[in-house]
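Enquirer: There's a structure below that I have some questions on.
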Amino acid sequence: MPRRVVITGTGVISALADSSQGLHNALCQGRNGWGSIERFDTEEIACQLGGEIKDFSPNTYLGNKNFRPLDRISQLSASAAQQALSNSGWSEQMREKAEVGLVLGTMFSSVHTIAEFDRRAITLGPRAVKPLDFANTVINAASGQTAIWHNLRGINSTVANGIASGLQALCYAADLIRCGQSTALLAGGAEELAFEAVYGFSRAGLLPPKDEPHPIPFDARRNGFIPSEGAAFLMLEEAEAARVRGASVLAEIRGYSTAFNSPRKKTDQTATIKRALQGALTDAELPADSIQVISASA
């Protein structure tokens, strides 16, 4: 029988709040984290708004240590992971005795580090590049750096599946526990607000125009989305293992499903969504009338 998967801890760093409770309160109040982007020049970008985390400092969450090996997305990831580990009771001593893994979902990971490394090498020559940056010029850099920082010696994987990367990471991690390959995994997503990513979205026509900067979701007039940054993790554990160690269970992952709607085929997108919903209900062995909340991405 598949093992049950429970959630025993949470951690989040976002433009709205840097705690799970703070984020929940902000969402209930209808707040958003948008503001003028200050980290880079937005003159060439259609939309100058972004969910930028102002005054972020990893020292607040990780103490006074050497952060030079970690670029921004790795710092965000390591900080959110620290929250989830502390929230779930996985101390440093426990992680020395038992393996905890990590599954991180990201669209671009260290795209700014990658671009800056290449720019310096091309414009100033190979001698001008920063050796510490080289380790972060791969898409799994954030998951690797976070695992090193927190001594996460279990499974380490990076999932890159567009805007669904974080959710897909949760699904993959849950499957690893359900099939017995792991008993404890941090799973979630991380993304930094980088010029290269935002510029790409702008050139693709995915951001709102300057004269109409606010998005209009679930509407025929939809004009794009506001790019943001942050990191969030859930501590997933096999239910019996969590019970044995006396962990507090916050929720259970009962099931999931994915479905794909090819843009080359003019099919009704709602039919694809319906297939995903039905698949998740079947996987969870739940009737449709048992669902109380649907959180829909726009």
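Ordering of the structure tokens sets the chain letters (A, B, ...), residue numbers begin anew at 1 in every chain, and ligands are numbered from 1 in the order given.
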Contacts of region 258-275 of chain A at 10 Å or less, counting only C-alpha atoms, minus same-chain residues fewer than 6 places along, as a PyMOL selection string?
Expert: chain A and resi 168+171+281
Enquirer: Skipping near chain neighbours, those fewer than 5 positions away, what residues fall within 12 Å of Phe134 (chain A) using only C-alpha atoms, listed as a list in words?
Expert: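 The filter keeps Pro69, Leu70, Asp71, Ser110, Thr113, Ile114, Ala115, Glu116, Phe117, Asp118, Arg120, Ala121, Pro126, Val129, Ile139 and Ala141 of chain A.
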Enquirer: Within 12 Å of Phe218 (chain A), counting only C-alpha atoms, which residues show up once you throw out same-chain ones fewer than 4 positions away? Write them as number ranges by chain, please.
Expert: A: 222-225, 296-298
Enquirer: From the set A:Ile253, A:Leu186, A:Ala135, A:Ala46, which residue has the shortest atom-to-atom contact distance to Glu99 (chain A), counting only C-alpha atoms?
Expert: A:Leu186
Enquirer: Nearest to Gly33 (chain A) among A:Leu76, A:Met235, A:Val138, A:Ile13, with distances taken over only C-alpha atoms: which residue is it?
Expert: A:Ile13
Enquirer: Do you know which residues are at most 10 Å from Gly246 (chain A) counting only C-alpha atoms, after dropping those on the same chain fewer than 5 positions away, and could you put them as a list in words?
Expert: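 So, after excluding close chain neighbours, the residues are Gly89, Glu240 and Ala241 of chain A.
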Enquirer: Pick out the closest residue to Gly255 (chain A) from this set: A:Cys28, A:Ile226, A:Val198, A:Leu170. Count only C-alpha atoms.
Expert: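 Of the candidates, the smallest distance to Gly255 (chain A) is held by A:Leu170.
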Enquirer: Give me every alpha helix (DSSP H) residue in region 95-171 of chain A, going by DSSP on the backbone, as a PyMOL selection string.
Expert: chain A and resi 95-97+111-123+131-134+141-150+165-171
